[in-house]
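S.K.: Got coords36.cif for you, mmCIF, C-alpha atoms and all ligand atoms:
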```cif
data_structure
#
loop_
_atom_site.group_PDB
_atom_site.id
_atom_site.type_symbol
_atom_site.label_atom_id
_atom_site.label_comp_id
_atom_site.auth_asym_id
_atom_site.auth_seq_id
_atom_site.Cartn_x
_atom_site.Cartn_y
_atom_site.Cartn_z
ATOM 1 C CA MET A 1 40.105 61.556 101.376
ATOM 2 C CA TYR A 2 39.641 62.212 105.042
ATOM 3 C CA GLY A 3 42.459 64.093 106.768
ATOM 4 C CA LEU A 4 43.281 60.980 108.807
ATOM 5 C CA VAL A 5 44.979 59.589 105.676
ATOM 6 C CA ASN A 6 47.114 62.718 105.161
ATOM 7 C CA GLN A 7 47.928 62.686 108.862
ATOM 8 C CA ALA A 8 49.327 59.160 108.459
ATOM 9 C CA VAL A 9 51.366 60.361 105.456
ATOM 10 C CA GLN A 10 52.720 63.256 107.541
ATOM 11 C CA ASP A 11 53.483 61.059 110.571
ATOM 12 C CA TYR A 12 55.212 58.415 108.509
ATOM 13 C CA LEU A 13 57.298 60.853 106.447
ATOM 14 C CA SER A 14 58.285 63.115 109.313
ATOM 15 C CA SER A 15 59.368 60.227 111.522
ATOM 16 C CA ASP A 16 61.239 58.575 108.637
ATOM 17 C CA LEU A 17 62.854 61.694 107.142
ATOM 18 C CA GLY A 18 62.734 64.309 109.901
ATOM 19 C CA ALA A 19 60.583 67.381 110.454
ATOM 20 C CA ASP A 20 62.645 69.625 108.135
ATOM 21 C CA THR A 21 62.263 67.302 105.158
ATOM 22 C CA TRP A 22 58.547 67.015 105.890
ATOM 23 C CA GLU A 23 58.328 70.846 105.775
ATOM 24 C CA ARG A 24 59.938 70.822 102.327
ATOM 25 C CA ILE A 25 57.520 68.136 101.121
ATOM 26 C CA ARG A 26 54.499 69.995 102.494
ATOM 27 C CA THR A 27 55.605 73.253 100.860
ATOM 28 C CA LYS A 28 56.424 71.586 97.545
ATOM 29 C CA ALA A 29 52.963 69.969 97.548
ATOM 30 C CA GLY A 30 51.440 73.429 98.016
ATOM 31 C CA PHE A 31 49.785 72.679 101.369
ATOM 32 C CA GLN A 32 49.748 75.897 103.399
ATOM 33 C CA GLU A 33 48.610 74.661 106.799
ATOM 34 C CA THR A 34 50.818 72.816 109.276
ATOM 35 C CA SER A 35 48.475 69.969 110.172
ATOM 36 C CA PHE A 36 45.435 68.047 108.923
ATOM 37 C CA VAL A 37 42.009 67.788 110.549
ATOM 38 C CA PRO A 38 41.333 64.029 110.665
ATOM 39 C CA LEU A 39 37.562 64.193 110.174
ATOM 40 C CA GLN A 40 37.681 66.834 107.448
ATOM 41 C CA GLN A 41 37.757 65.845 103.774
ATOM 42 C CA TYR A 42 40.602 66.949 101.506
ATOM 43 C CA PRO A 43 40.913 66.474 97.737
ATOM 44 C CA ASP A 44 42.490 63.132 96.757
ATOM 45 C CA ALA A 45 44.882 65.190 94.615
ATOM 46 C CA LEU A 46 46.505 66.628 97.755
ATOM 47 C CA THR A 47 47.422 63.144 99.019
ATOM 48 C CA PHE A 48 48.927 62.274 95.620
ATOM 49 C CA GLN A 49 50.818 65.612 95.564
ATOM 50 C CA LEU A 50 52.320 64.924 98.987
ATOM 51 C CA VAL A 51 53.557 61.526 97.787
ATOM 52 C CA GLY A 52 54.825 63.042 94.515
ATOM 53 C CA ALA A 53 56.744 65.751 96.383
ATOM 54 C CA ALA A 54 58.205 63.124 98.750
ATOM 55 C CA CYS A 55 59.410 61.094 95.729
ATOM 56 C CA GLU A 56 61.119 64.111 94.178
ATOM 57 C CA ILE A 57 62.814 65.062 97.416
ATOM 58 C CA THR A 58 63.909 61.557 98.500
ATOM 59 C CA GLY A 59 64.447 59.824 95.150
ATOM 60 C CA ARG A 60 62.267 56.927 96.344
ATOM 61 C CA THR A 61 59.560 55.593 94.026
ATOM 62 C CA ALA A 62 55.884 56.297 94.668
ATOM 63 C CA GLY A 63 55.267 52.536 94.893
ATOM 64 C CA GLU A 64 57.859 52.129 97.651
ATOM 65 C CA LEU A 65 56.588 55.101 99.646
ATOM 66 C CA VAL A 66 52.911 54.220 99.309
ATOM 67 C CA GLU A 67 53.549 50.602 100.334
ATOM 68 C CA ALA A 68 55.472 51.788 103.402
ATOM 69 C CA ILE A 69 52.634 54.169 104.327
ATOM 70 C CA GLY A 70 50.157 51.274 103.959
ATOM 71 C CA ALA A 71 52.223 49.081 106.265
ATOM 72 C CA TYR A 72 52.303 51.928 108.808
ATOM 73 C CA TRP A 73 48.500 52.556 108.602
ATOM 74 C CA VAL A 74 47.471 49.632 110.833
ATOM 75 C CA GLU A 75 49.603 50.769 113.775
ATOM 76 C CA PHE A 76 48.721 54.439 113.083
ATOM 77 C CA THR A 77 44.932 53.893 113.163
ATOM 78 C CA ALA A 78 45.283 51.794 116.321
ATOM 79 C CA GLN A 79 47.096 54.747 117.965
ATOM 80 C CA LYS A 80 44.391 57.167 116.801
ATOM 81 C CA GLY A 81 41.588 55.305 118.581
ATOM 82 C CA TYR A 82 40.442 52.926 115.848
ATOM 83 C CA GLY A 83 42.112 49.867 117.412
ATOM 84 C CA SER A 84 38.854 48.257 118.506
ATOM 85 C CA LEU A 85 37.638 48.178 114.886
ATOM 86 C CA LEU A 86 40.830 46.350 113.958
ATOM 87 C CA ASP A 87 40.481 43.984 116.950
ATOM 88 C CA GLN A 88 36.984 43.066 115.813
ATOM 89 C CA LEU A 89 38.080 42.107 112.305
ATOM 90 C CA GLY A 90 38.170 38.444 113.270
ATOM 91 C CA PRO A 91 40.159 35.677 114.936
ATOM 92 C CA THR A 92 42.376 34.885 111.945
ATOM 93 C CA PHE A 93 44.169 36.905 109.280
ATOM 94 C CA ALA A 94 41.971 35.339 106.567
ATOM 95 C CA ASP A 95 38.821 36.322 108.498
ATOM 96 C CA ALA A 96 40.171 39.850 108.849
ATOM 97 C CA LEU A 97 40.671 40.191 105.082
ATOM 98 C CA ALA A 98 37.150 38.877 104.501
ATOM 99 C CA ASN A 99 35.726 41.436 106.946
ATOM 100 C CA LEU A 100 37.337 44.611 105.602
ATOM 101 C CA ASP A 101 34.153 45.881 103.934
ATOM 102 C CA ALA A 102 32.130 45.459 107.133
ATOM 103 C CA MET A 103 34.877 47.345 108.995
ATOM 104 C CA HIS A 104 34.804 50.281 106.557
ATOM 105 C CA VAL A 105 30.997 50.394 106.953
ATOM 106 C CA ARG A 106 31.619 50.990 110.649
ATOM 107 C CA VAL A 107 34.277 53.602 109.863
ATOM 108 C CA ALA A 108 31.669 55.349 107.702
ATOM 109 C CA LEU A 109 29.465 55.829 110.787
ATOM 110 C CA MET A 110 32.138 58.316 111.926
ATOM 111 C CA MET A 111 33.035 59.527 108.417
ATOM 112 C CA PRO A 112 29.777 59.764 106.471
ATOM 113 C CA GLN A 113 31.435 60.901 103.215
ATOM 114 C CA LEU A 114 33.815 57.922 103.228
ATOM 115 C CA GLU A 115 34.415 56.383 99.811
ATOM 116 C CA PRO A 116 35.895 53.082 100.921
ATOM 117 C CA PRO A 117 37.400 50.408 98.709
ATOM 118 C CA SER A 118 35.847 46.947 98.484
ATOM 119 C CA PHE A 119 37.612 43.637 99.113
ATOM 120 C CA ARG A 120 36.517 40.073 98.219
ATOM 121 C CA VAL A 121 38.234 36.917 99.398
ATOM 122 C CA SER A 122 38.178 33.750 97.265
ATOM 123 C CA GLN A 123 40.219 30.544 96.829
ATOM 124 C CA ARG A 124 40.656 30.390 100.592
ATOM 125 C CA ARG A 125 43.135 27.637 101.511
ATOM 126 C CA ASP A 126 45.396 26.640 104.372
ATOM 127 C CA ARG A 127 47.933 29.481 104.177
ATOM 128 C CA GLY A 128 46.712 31.560 101.295
ATOM 129 C CA LEU A 129 43.858 33.207 99.426
ATOM 130 C CA THR A 130 42.999 35.433 96.492
ATOM 131 C CA LEU A 131 42.084 39.001 97.366
ATOM 132 C CA ALA A 132 40.115 41.168 94.923
ATOM 133 C CA TYR A 133 40.426 44.908 95.594
ATOM 134 C CA SER A 134 38.050 47.354 93.916
ATOM 135 C CA SER A 135 38.202 51.122 94.106
ATOM 136 C CA ARG A 136 37.128 54.132 92.130
ATOM 137 C CA ARG A 137 40.664 55.419 92.752
ATOM 138 C CA ASN A 138 43.528 54.387 90.503
ATOM 139 C CA GLY A 139 47.147 53.779 91.508
ATOM 140 C CA LEU A 140 46.685 52.442 95.019
ATOM 141 C CA ALA A 141 47.672 48.780 94.489
ATOM 142 C CA PRO A 142 50.979 49.351 96.372
ATOM 143 C CA LEU A 143 48.950 50.761 99.273
ATOM 144 C CA VAL A 144 47.029 47.474 99.436
ATOM 145 C CA VAL A 145 50.292 45.482 99.461
ATOM 146 C CA GLY A 146 51.498 47.492 102.461
ATOM 147 C CA LEU A 147 48.139 47.417 104.244
ATOM 148 C CA VAL A 148 47.789 43.649 103.926
ATOM 149 C CA LYS A 149 51.356 43.135 105.155
ATOM 150 C CA GLY A 150 50.696 45.504 108.073
ATOM 151 C CA LEU A 151 47.490 43.680 108.941
ATOM 152 C CA GLY A 152 49.306 40.315 108.741
ATOM 153 C CA ARG A 153 51.843 41.597 111.250
ATOM 154 C CA LYS A 154 49.010 42.200 113.720
ATOM 155 C CA TYR A 155 48.384 38.422 113.497
ATOM 156 C CA GLY A 156 52.096 37.621 113.967
ATOM 157 C CA LEU A 157 52.530 36.808 110.263
ATOM 158 C CA GLU A 158 54.823 38.130 107.515
ATOM 159 C CA PRO A 159 52.555 37.609 104.503
ATOM 160 C CA GLN A 160 53.650 37.749 100.890
ATOM 161 C CA VAL A 161 51.366 39.865 98.752
ATOM 162 C CA VAL A 162 51.665 39.672 94.971
ATOM 163 C CA LEU A 163 49.637 41.670 92.467
ATOM 164 C CA THR A 164 48.708 38.928 89.979
ATOM 165 C CA LYS A 165 46.147 40.711 87.834
ATOM 166 C CA PRO A 166 46.309 44.506 87.739
ATOM 167 C CA ARG A 167 43.248 46.473 86.737
ATOM 168 C CA THR A 168 43.045 47.456 83.106
ATOM 169 C CA GLU A 169 41.171 50.301 81.495
ATOM 170 C CA GLY A 170 37.465 49.807 82.111
ATOM 171 C CA SER A 171 38.025 47.678 85.219
ATOM 172 C CA THR A 172 38.268 48.818 88.818
ATOM 173 C CA THR A 173 39.546 45.573 90.358
ATOM 174 C CA ASP A 174 43.084 44.331 91.095
ATOM 175 C CA LEU A 175 43.717 40.701 92.097
ATOM 176 C CA PHE A 176 46.359 39.748 94.673
ATOM 177 C CA GLU A 177 47.663 36.400 95.856
ATOM 178 C CA VAL A 178 48.227 36.506 99.591
ATOM 179 C CA THR A 179 50.227 33.697 101.235
ATOM 180 C CA TRP A 180 51.655 33.252 104.718
HETATM 181 C C1 LIG B 201 40.471 50.876 111.760
HETATM 182 C C2 LIG B 201 41.266 50.938 110.718
HETATM 183 C C3 LIG B 201 40.921 51.675 109.446
HETATM 184 C C4 LIG B 201 40.334 52.905 109.286
HETATM 185 C C5 LIG B 201 39.897 53.887 110.378
HETATM 186 C C6 LIG B 201 40.225 53.135 107.851
HETATM 187 C C7 LIG B 201 39.743 54.290 107.278
HETATM 188 C C8 LIG B 201 39.924 54.653 105.967
HETATM 189 C C9 LIG B 201 39.785 55.991 105.432
HETATM 190 C C10 LIG B 201 39.395 57.227 106.248
HETATM 191 C C11 LIG B 201 40.074 55.949 104.118
HETATM 192 C C12 LIG B 201 40.058 57.116 103.118
HETATM 193 C C13 LIG B 201 38.856 57.021 102.202
HETATM 194 C C14 LIG B 201 38.066 58.313 102.107
HETATM 195 O O1 LIG B 201 38.331 59.252 102.889
HETATM 196 O O2 LIG B 201 37.144 58.399 101.253
HETATM 197 C C15 LIG B 201 40.425 54.569 103.823
HETATM 198 C C16 LIG B 201 40.808 54.145 102.589
HETATM 199 C C17 LIG B 201 41.312 52.889 102.341
HETATM 200 N N1 LIG B 201 41.313 51.820 103.196
HETATM 201 FE FE1 LIG B 201 40.815 51.844 105.136
HETATM 202 N N2 LIG B 201 40.719 52.046 107.175
HETATM 203 C C18 LIG B 201 41.175 51.139 108.104
HETATM 204 C C19 LIG B 201 41.779 49.941 107.867
HETATM 205 C C20 LIG B 201 42.046 49.430 106.623
HETATM 206 C C21 LIG B 201 42.673 48.164 106.370
HETATM 207 C C22 LIG B 201 43.160 47.183 107.471
HETATM 208 C C23 LIG B 201 42.738 48.013 105.007
HETATM 209 C C24 LIG B 201 43.274 46.884 104.176
HETATM 210 C C25 LIG B 201 43.980 45.855 104.629
HETATM 211 C C26 LIG B 201 42.176 49.221 104.411
HETATM 212 C C27 LIG B 201 42.128 49.500 103.059
HETATM 213 C C28 LIG B 201 41.909 50.765 102.538
HETATM 214 C C29 LIG B 201 42.301 51.184 101.194
HETATM 215 C C30 LIG B 201 42.979 50.335 100.118
HETATM 216 C C31 LIG B 201 41.921 52.523 101.075
HETATM 217 C C32 LIG B 201 42.183 53.487 99.890
HETATM 218 C C33 LIG B 201 40.948 54.044 99.254
HETATM 219 C C34 LIG B 201 40.587 53.377 97.947
HETATM 220 O O3 LIG B 201 41.125 52.280 97.649
HETATM 221 O O4 LIG B 201 39.756 53.946 97.206
HETATM 222 N N3 LIG B 201 41.742 50.044 105.424
HETATM 223 N N4 LIG B 201 40.306 53.799 104.959
#
```
Here is the file; what I need is its structure written in the form of structure tokens.
M.R.:
Amino acid sequence: MYGLVNQAVQDYLSSDLGADTWERIRTKAGFQETSFVPLQQYPDALTFQLVGAACEITGRTAGELVEAIGAYWVEFTAQKGYGSLLDQLGPTFADALANLDAMHVRVALMMPQLEPPSFRVSQRRDRGLTLAYSSRRNGLAPLVVGLVKGLGRKYGLEPQVVLTKPRTEGSTTDLFEVTW
């Protein structure tokens, strides 16, 4: 994944736990440098190692940490100059969820090796919808929960996000019920 993701992990963990604890996490994960280059690609395994090291050091679960990082991502990317992409997602929260693929296509103009997820909205109703999330990567459902909550907050909402149908072997799609 692009370094921007690891940078968000670093920012979130060092502001939550302090710089010294971040240093321990970084060392335990075997990352030798002190910062990440946002537009450089790093192995996905490094991101998972950072989270794994943070779990061991803090006693928090990977699900909890990854969800919290997801919730932080929306404000983090806005700070890093990607706010206009978020502002153009659409006038409502439901529109924004429906436009995530188009947004990642625009991100890919800056990050040509991007391997973005794919989202499909269905069963759209007054204050809810079904969100299908597909990715070649496994284990990121809690990230989606946090991301969708973080995006809802941008629209002044506190959405509930429930994983209703997790992916099984041979499938790459998780289904979520999102209500607000
Ligand atoms: C302007 C804001 C955003 C930027 C710049 C951005 C950029 C990125 C980048 C760089 C990655 C790593 C993928 C790679 O390097 O191959 C990524 C992954 C991902 N993005 Fe976004 N993103 C943004 C907003 C969002 C939002 C709002 C959501 C969902 C609500 C989202 C969902 C995801 C997910 C779930 C992944 C994990 C990769 C996977 O599932 O395979 N992103 N995005």
S.K.: So which residues are near ligand LIG 201 (chain B), meaning at most 7 Å away with all atoms listed in the file counted, given back as a PyMOL selection string?
M.R.: chain A and resi 1-2+4-5+41+74+77-78+82-83+85-86+97+100+104+107+113-117+134-137+140+143-144+147-148+151
S.K.: For the atom pair atom CA of Ile69 of chain A and atom CA of Val121 of chain A, what is the interatomic distance in Å to one decimal place?
M.R.: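 Straight-line distance from atom CA of Ile69 of chain A to atom CA of Val121 of chain A works out to 23.0 Å.
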S.K.: If you measure from atom CA of Arg124 of chain A to atom CA of Ala94 of chain A, what distance in Å do you get, rounded to one decimal?
M.R.: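 Between these atoms lies a distance of 7.9 Å.
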S.K.: Go through A:Ser171, A:Ser118, A:Gln40, A:Ser84 one by one, measure the shortest atom-to-atom distance of each to Asn99 of chain A using only C-alpha atoms, and give the residue with the smallest value.
M.R.: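 Of all the options, A:Ser118 lies closest to Asn99 of chain A.
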S.K.: So, counting all atoms listed in the file, which residue among A:Arg26, A:Lys154, A:Arg106, A:Arg125 is closest to Pro91 of chain A?
M.R.: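 For Pro91 of chain A, the nearest of the candidates is A:Lys154.
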S.K.: Enumerate, as JSON, numbers by chain, the protein, DNA and RNA residues whose atoms approach (51.0, 74.5, 96.6) to within 12 Å, taking into account only C-alpha atoms and the coordinate frame of the file.
M.R.: {"A": [24, 25, 26, 27, 28, 29, 30, 31, 32, 33, 45, 46, 49, 50, 53]}
S.K.: The PyMOL selection byres (((chain A and resi 141) around 12) and not hetatm) - which residues does that actually catch in the file I just gave you? List them as a PyMOL selection string.
M.R.: chain A and resi 62-64+66-67+70+117+131-135+137-140+142-148+161-167+172-176
S.K.: Mind pulling up the distance from atom CA of Glu75 of chain A to atom CA of Asn6 of chain A?
M.R.: 14.9 Å
S.K.: Given the file shown, determine the residues that the PyMOL selection byres (((chain A and resi 57) around 10) and not hetatm) selects; report them as a ChimeraX atom specification.
M.R.: /A:21-22,24-25,28,51-56,58-60
S.K.: For segment 62-67 of chain A, take all atoms listed in the file, fit an axis-aligned box around them, add 3 Å to each of the six sides, then output centre and edge lengths in Å rounded to one decimal, as AutoDock Vina command-line options.
M.R.:
```
--center_x 55.4 --center_y 53.4 --center_z 97.5 --size_x 10.9 --size_y 11.7 --size_z 11.7
```
S.K.: Kindly extract all protein, DNA and RNA residues lying within 12 Å of the coordinates (51.5, 62.5, 111.3) given in the file, considering only C-alpha atoms, and supply them as a VMD selection string.
M.R.: chain A and resid 3 to 16 18 to 19 22 26 34 to 38 69 72 to 73 76 to 77 79 to 80
S.K.: What's the 12 Å shell around Leu157 of chain A, counting all atoms listed in the file, without same-chain residues fewer than 3 positions away, as a PyMOL selection string?
M.R.: chain A and resi 92-94+127-128+148-154+160-161+178-180
S.K.: For a quick check of understanding, using only C-alpha atoms, which of A:Met110, A:Tyr42, A:Phe119, A:Thr61 has the smallest distance to Gly81 of chain A?
M.R.: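 Smallest separation from Gly81 of chain A among the options: A:Met110.
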